[in-house]
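Asker: Got a structure for you, questions after.
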Amino acid sequence: MSLTLAPILFNGLVFGLLLFMLSSGLTLIFGMMGVLNLSHASFYMLGAYLAYTISVGLGFWVGLVVAPVLVGLIGAVVQRYGLRAVHRYGHMAELLFTFALALVIGEVVPLIWGRNPVRYQVPHVLDFPLFQLGGTDIPAYRVFMMAVSLGMFVALFTALARTRLGLVVRAALTHPDMVSMLGHDVPRVFTSVFGAGCALAGLAGVIGGNAFTTQPGMAASLGGIVFAVVVMGGLGSIWGAFVASVLIGLLQTASISLDLPFGRLLGLPPAGSDGLLADLWSLTVARAAPAVPYLLLVLVLAFRPRGLFGSRNA
Amino acid sequence: MRLRLNAAMLGLIVPVALAHPGPLLADETVRIAYIDPLSGPLAETGQLGEQHFRFAIDRVNASGAAGPGRHFELVALDNEVSPEKSLALLRKAVDDGVHYVTQGNGSAVAFALVAAIDKNNKRDPDKSVVFLNYAAVDPGLTNDKCSFWHFRFDADSDMKMKALSDYIVSQADIHKVYIFNPDYSFGVSVQKAAEKLLTDRRPDLKIVGEDRVPLGKVKDFTPYIAKFQAAGADAVVTGNWGQDIELLTKAAADSGYKGRFFTYYIGDQVTVAAAGPGAVGDVQVATWSDNVPGIDDIADAFQARFHRAFYYWNVVNEIDTLAAAIKQADSTDPLKVAKAMSGMKRQTPLGVSDMRADDHQMIQPLYVSQLEPNLPHVFPDSKLGFKTVATIPADQTRMATSCKMEAP
């Protein structure tokens, strides 16, 4: 069992860190706007598609740098000329704006790149098994993904906690008026935070798009789980997003490997051999794996509505 | 009051019905509605099917196989593999006067269509619809849920599992089998058939694990590959298709999984490419595969037009059979055509195709083939091709059916 546990933990960690890259931007933007950015996963998709286009002509490494920057710029433009304009109509208008934006991006992407998955490939230099873990080859690219995510986490945390820029951003999130009085351009800070959040989502797309698939449904398929992460971690909390991402990544991957019927897991007596109850009893945890993040979300919300590390009451 | 209203309505309806006396023109267009996923995660499979239909229809139009002046036309409709959406599209097609519907991806969709078409044809015989099924292989469609209006051109999953399991049992180096399927009616059928046909066949052959995954939802299959490895499985039996089988074999290649895949649908060019060189020894059961002799001209013409490997023999067989039935009935009336098609025997380059009258299941030869290098036809990316390792004559694929259909 311990032999097989190692690759499961590894895969869960990789998935969790990818989730964190997506949710960190989302939670930052929430802290700033007070509204969930429903189009956040669409920027993830944009990152993957832009990186694909760039990688066809110029190679993966150029895409790795350029695509997140482009996505960040698009995000900044969206905030400056879209969100800022609807801000005065209140939160509902902002929420609807991001919702509409998600729909627009969801339709524009297949118009440009087609409805089929595109062949966004893992770069050749990283396309080999790096080492073995419990009898499973670990591809070098997975390790690279993990390194990029961890690097980003450290960079983001240091930037927010240790630099002057981070100080201004944190202050602008909590006390915008005071920061403005002190002579800082708060709207510009907001635009850059939004852009940076989108760039992070774009970066996740760049390194996740080729590990999984780059196709028009990728935003919708990750959208739900990212919201689960952010709400569970506590809206606006980077640290919470990190813990929740890794938790969900590990739990989802681990539950795939658990062939234990729910009935036995909960210590219930077998409920006959036929009928609905028996079916529920014998449903294995593995079969329910896709629902695990949402079950966890419900549990957290039931016992701690503000999320694991949230500061405000929902 | 109510009576007068009904009379008024009749007055409206009768002239419309009379104004539609049937084909007077020499040229007649037979529209075929193609209801399959053309967007979303499984779009690639649906679009591959659409290309095959365009190809098969152009062949029939060029040869005039449906009779002089009769032309086929494809109406492609995107159902996103959703049964609800498919029913809405079916309604639209019926309202537009379409009498022939074809679908293949997802037996859940096929079940919904069969039920709706049965009801529609009973209620409104003038707007009857014939359902031509090219790839939905749940056995239920030709057993307890069978219908006179439904015709299946692919072999059902039990017929395929019989061929596949016989081959697995014959492989002395396979001892542990993992059964891995999509989580809907078709996947359950495959799992049950595999359990039944692999248990107690050879003392050293065991089923070591079973799993079902939501269709088109899983992005990362590596945890499942880790399960195969942990269970020590040297063979995986899978009915997964489209993006799922592609990502599954890709994850297997990435994780260095050594076992062999025994599949229904690994044969598409994109999937073979994703599986890479490690796919040697992976197996597919189908009604045709590359290197089965007989239809090279068809496969080459398809390749020349769409720049990808020919895959769905069933589609060509289906359109050819429909054309033959229309010609034999000398009518495009759905009931007459359906009656002509029921029990129709046709000589094809691959042998006799027999649309069995009992359950409308096409009886035809099945081929088990295995990916290997150095063959006349290989796929461009991996340089692997399908070598036929077992041919099951049409008669041996026959299975008992519980179908009791009633012709109107």
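Ordering of the structure tokens sets the chain letters (A, B, ...); residue numbers start at 1 within each chain; ligands are numbered from 1 in the order shown.
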With 8 Å as the limit and counting only C-alpha atoms, what residues in chain B lie close to chain A? Please list them as a VMD selection string.

Answerer: chain B and resid 38 to 41 43 to 44 211 to 213 217 219 to 220 222 to 224 226 to 227 229 to 230 247 254 to 257

Asker: Report as a ChimeraX atom specification all protein, DNA and RNA residues lying within 12 Å of Phe194 in chain A, evaluated on only C-alpha atoms, omitting residues in the same chain fewer than 6 positions from it.

Answerer: /A:24-33,36-37,39-40,43,71-80,82-84,169,173,187-188,200-201

Asker: Identify, on the basis of only C-alpha atoms, every residue whose closest approach to range 288-299 of chain B does not exceed 6 Å; exclude the query and any residue fewer than 2 positions from it along the same chain; express the result as a ChimeraX atom specification.

Answerer: /B:286,301-302,310,349-350,386

Asker: So the first atom is CA of Arg201 in chain B and the second is CA of Tyr178 in chain B; what is the distance between them in Å, to one decimal place?

Answerer: 15.5 Å

Asker: At a cut-off of 6 Å, using only C-alpha atoms, what residues contact Leu205 in chain B? Leave out same-chain residues fewer than 3 positions from it and give the result as a ChimeraX atom specification.

Answerer: /B:175-176,202

Asker: Please report the interatomic distance between CA of Ile266 in chain B and CA of Lys345 in chain B in Å with one decimal.

Answerer: 29.4 Å

Asker: For CA of Asn181 in chain B and CA of Ala155 in chain B, quote the distance in Å rounded to one decimal.

Answerer: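 That distance, rounded to one decimal, is 17.9 Å.
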
Asker: Using only C-alpha atoms for the distances, tell me which of A:Leu247, A:Leu280, A:Ile207, A:Leu95 is nearest to Leu126 in chain A.

Answerer: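 Counting only C-alpha atoms, the residue closest to Leu126 in chain A is A:Ile207.
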
Asker: Neighbours of Tyr49 in chain A within 9 Å (only C-alpha atoms; same-chain residues fewer than 4 positions away dropped), as a PyMOL selection string?

Answerer: chain A and resi 44-45+53-54+67+109+113+118+120+205-206+209+214-215

Asker: Go ahead and write the residues just picked, C-alpha atoms, as a short mmCIF file (atom, residue, chain, number, x, y, z; two decimals), in the first residue's frame.

Answerer:
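Final output, saved to out34.cif:
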```
data_model
loop_
_atom_site.label_atom_id
_atom_site.label_comp_id
_atom_site.auth_asym_id
_atom_site.auth_seq_id
_atom_site.Cartn_x
_atom_site.Cartn_y
_atom_site.Cartn_z
CA TYR A 44 -6.90 29.87 -17.87
CA MET A 45 -8.21 28.66 -21.23
CA THR A 53 -0.29 29.21 -30.89
CA ILE A 54 3.04 30.64 -29.76
CA ALA A 67 1.39 33.86 -23.03
CA VAL A 109 -12.10 30.72 -28.51
CA TRP A 113 -9.16 27.86 -32.75
CA VAL A 118 -5.68 21.46 -30.36
CA TYR A 120 -0.63 21.41 -27.64
CA GLY A 205 -3.20 27.33 -18.62
CA VAL A 206 0.22 27.33 -20.23
CA GLY A 209 -3.03 22.83 -21.20
CA THR A 214 -6.50 22.19 -24.61
CA GLN A 215 -10.09 22.33 -25.82
#
```

Asker: Measuring atom to atom with only C-alpha atoms, identify which of A:Gly90, A:Gly57, A:Gly240, A:Gly47 is nearest to Leu70 in chain A.

Answerer: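 Result for the nearest residue to Leu70 in chain A: A:Gly47.
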
Asker: Any chance you could list, as a VMD selection string, the residues in range 179-389 of chain B that come up strand (DSSP E or B) when DSSP is run on the backbone?

Answerer: chain B and resid 179 to 182 206 to 213 235 to 238 260 to 263 283 to 286 345 to 348 351 to 355 361 to 363 366 to 372 385 to 389

Asker: Now that the selection is made, can you save its residues with C-alpha atoms as an mmCIF file, in the first residue's frame?

Answerer:
```
data_model
loop_
_atom_site.group_PDB
_atom_site.id
_atom_site.type_symbol
_atom_site.label_atom_id
_atom_site.label_comp_id
_atom_site.auth_asym_id
_atom_site.auth_seq_id
_atom_site.Cartn_x
_atom_site.Cartn_y
_atom_site.Cartn_z
ATOM 1 C CA ILE B 179 -12.026 -3.697 -16.339
ATOM 2 C CA PHE B 180 -12.285 0.047 -16.941
ATOM 3 C CA ASN B 181 -15.311 1.764 -18.495
ATOM 4 C CA PRO B 182 -17.316 4.952 -18.915
ATOM 5 C CA LYS B 206 -8.339 -13.277 -12.737
ATOM 6 C CA ILE B 207 -10.219 -9.980 -12.726
ATOM 7 C CA VAL B 208 -8.209 -7.799 -10.343
ATOM 8 C CA GLY B 209 -10.175 -4.580 -10.459
ATOM 9 C CA GLU B 210 -13.102 -2.670 -11.920
ATOM 10 C CA ASP B 211 -13.770 1.028 -12.328
ATOM 11 C CA ARG B 212 -16.152 3.315 -14.145
ATOM 12 C CA VAL B 213 -15.475 6.998 -14.825
ATOM 13 C CA ALA B 235 -4.370 -6.281 -19.354
ATOM 14 C CA VAL B 236 -7.019 -3.545 -19.241
ATOM 15 C CA VAL B 237 -10.388 -4.138 -20.894
ATOM 16 C CA THR B 238 -11.972 -0.813 -21.767
ATOM 17 C CA ARG B 260 -1.931 -4.168 -22.806
ATOM 18 C CA PHE B 261 -5.234 -2.438 -23.567
ATOM 19 C CA PHE B 262 -8.103 -4.500 -24.977
ATOM 20 C CA THR B 263 -10.441 -1.925 -26.379
ATOM 21 C CA VAL B 283 -6.052 -4.581 -29.253
ATOM 22 C CA GLN B 284 -9.309 -3.432 -30.810
ATOM 23 C CA VAL B 285 -12.403 -5.335 -31.865
ATOM 24 C CA ALA B 286 -14.360 -3.817 -34.744
ATOM 25 C CA LYS B 345 -29.006 -9.365 -47.060
ATOM 26 C CA ARG B 346 -26.377 -7.477 -48.998
ATOM 27 C CA GLN B 347 -23.076 -8.567 -50.479
ATOM 28 C CA THR B 348 -20.322 -6.152 -49.378
ATOM 29 C CA GLY B 351 -18.805 -10.424 -46.855
ATOM 30 C CA VAL B 352 -22.556 -10.682 -46.491
ATOM 31 C CA SER B 353 -24.201 -8.039 -44.302
ATOM 32 C CA ASP B 354 -27.444 -9.371 -42.897
ATOM 33 C CA MET B 355 -29.840 -6.959 -41.172
ATOM 34 C CA GLN B 361 -28.967 -6.062 -35.582
ATOM 35 C CA MET B 362 -26.530 -6.185 -38.501
ATOM 36 C CA ILE B 363 -24.830 -9.584 -38.657
ATOM 37 C CA LEU B 366 -15.870 -9.087 -36.716
ATOM 38 C CA TYR B 367 -12.129 -8.518 -36.596
ATOM 39 C CA VAL B 368 -9.830 -8.535 -33.582
ATOM 40 C CA SER B 369 -6.678 -6.648 -34.437
ATOM 41 C CA GLN B 370 -3.542 -5.678 -32.634
ATOM 42 C CA LEU B 371 -1.181 -2.701 -33.013
ATOM 43 C CA GLU B 372 2.166 -3.745 -34.446
ATOM 44 C CA GLY B 385 -0.764 -0.486 -37.737
ATOM 45 C CA PHE B 386 -3.512 -2.993 -36.998
ATOM 46 C CA LYS B 387 -2.651 -6.622 -37.607
ATOM 47 C CA THR B 388 -5.699 -8.867 -37.781
ATOM 48 C CA VAL B 389 -5.247 -11.566 -35.142
#
```

Asker: From the list B:Ser107, B:Ser165, B:Gln243, B:Gln364, which residue is nearest Ser185 in chain B when using only C-alpha atoms?

Answerer: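 With only C-alpha atoms as the atom set, the closest residue is B:Ser107.
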
Asker: With a distance cut-off of 8 Å and only C-alpha atoms, select the neighbouring residues of range 103-107 of chain A, excluding the residue or stretch itself and same-chain residues fewer than 3 positions from it, and output the selection as a PyMOL selection string.

Answerer: chain A and resi 42+99-100+110-111+216+219

Asker: Which residues are near range 75-80 of chain B? Cut-off 6 Å, only C-alpha atoms, ignore same chain within fewer than 3 positions. Put them as a PDB file with C-alpha atoms, in the first residue's frame.

Answerer:
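Final file, selection-v9.pdb:
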```pdb
ATOM      1  CA  ILE B  32     -30.526  12.380 -43.152  1.00  0.00           C
ATOM      2  CA  ALA B  33     -30.250  14.145 -39.808  1.00  0.00           C
ATOM      3  CA  TYR B  34     -26.950  13.397 -38.081  1.00  0.00           C
ATOM      4  CA  ILE B  35     -27.361  13.950 -34.332  1.00  0.00           C
ATOM      5  CA  ASP B  36     -24.007  13.674 -32.555  1.00  0.00           C
ATOM      6  CA  PRO B  37     -21.550  15.768 -30.509  1.00  0.00           C
ATOM      7  CA  LEU B  38     -20.000  18.475 -32.683  1.00  0.00           C
ATOM      8  CA  SER B  39     -18.813  20.580 -29.764  1.00  0.00           C
ATOM      9  CA  LYS B  85     -30.698  18.122 -26.427  1.00  0.00           C
ATOM     10  CA  SER B  86     -30.964  15.187 -28.838  1.00  0.00           C
TER      11      SER B  86
END
```

Asker: Identify which of the residues A:Gly63, A:Pro261, A:Gly166, A:Gly151 lies closest to Val122 in chain A, counting only C-alpha atoms when measuring atom-to-atom distances.

Answerer: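 Ranking A:Gly63, A:Pro261, A:Gly166, A:Gly151 by distance to Val122 in chain A, first place goes to A:Gly63.
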
Asker: If DSSP is run on the backbone, what residues of range 5-226 of chain A are helix (DSSP H, G or I)? A reply as number ranges by chain would be ideal.

Answerer: A: 5-33, 40-58, 60-87, 91-113, 124-126, 140-162, 164-174, 176-181, 186-209, 218-226
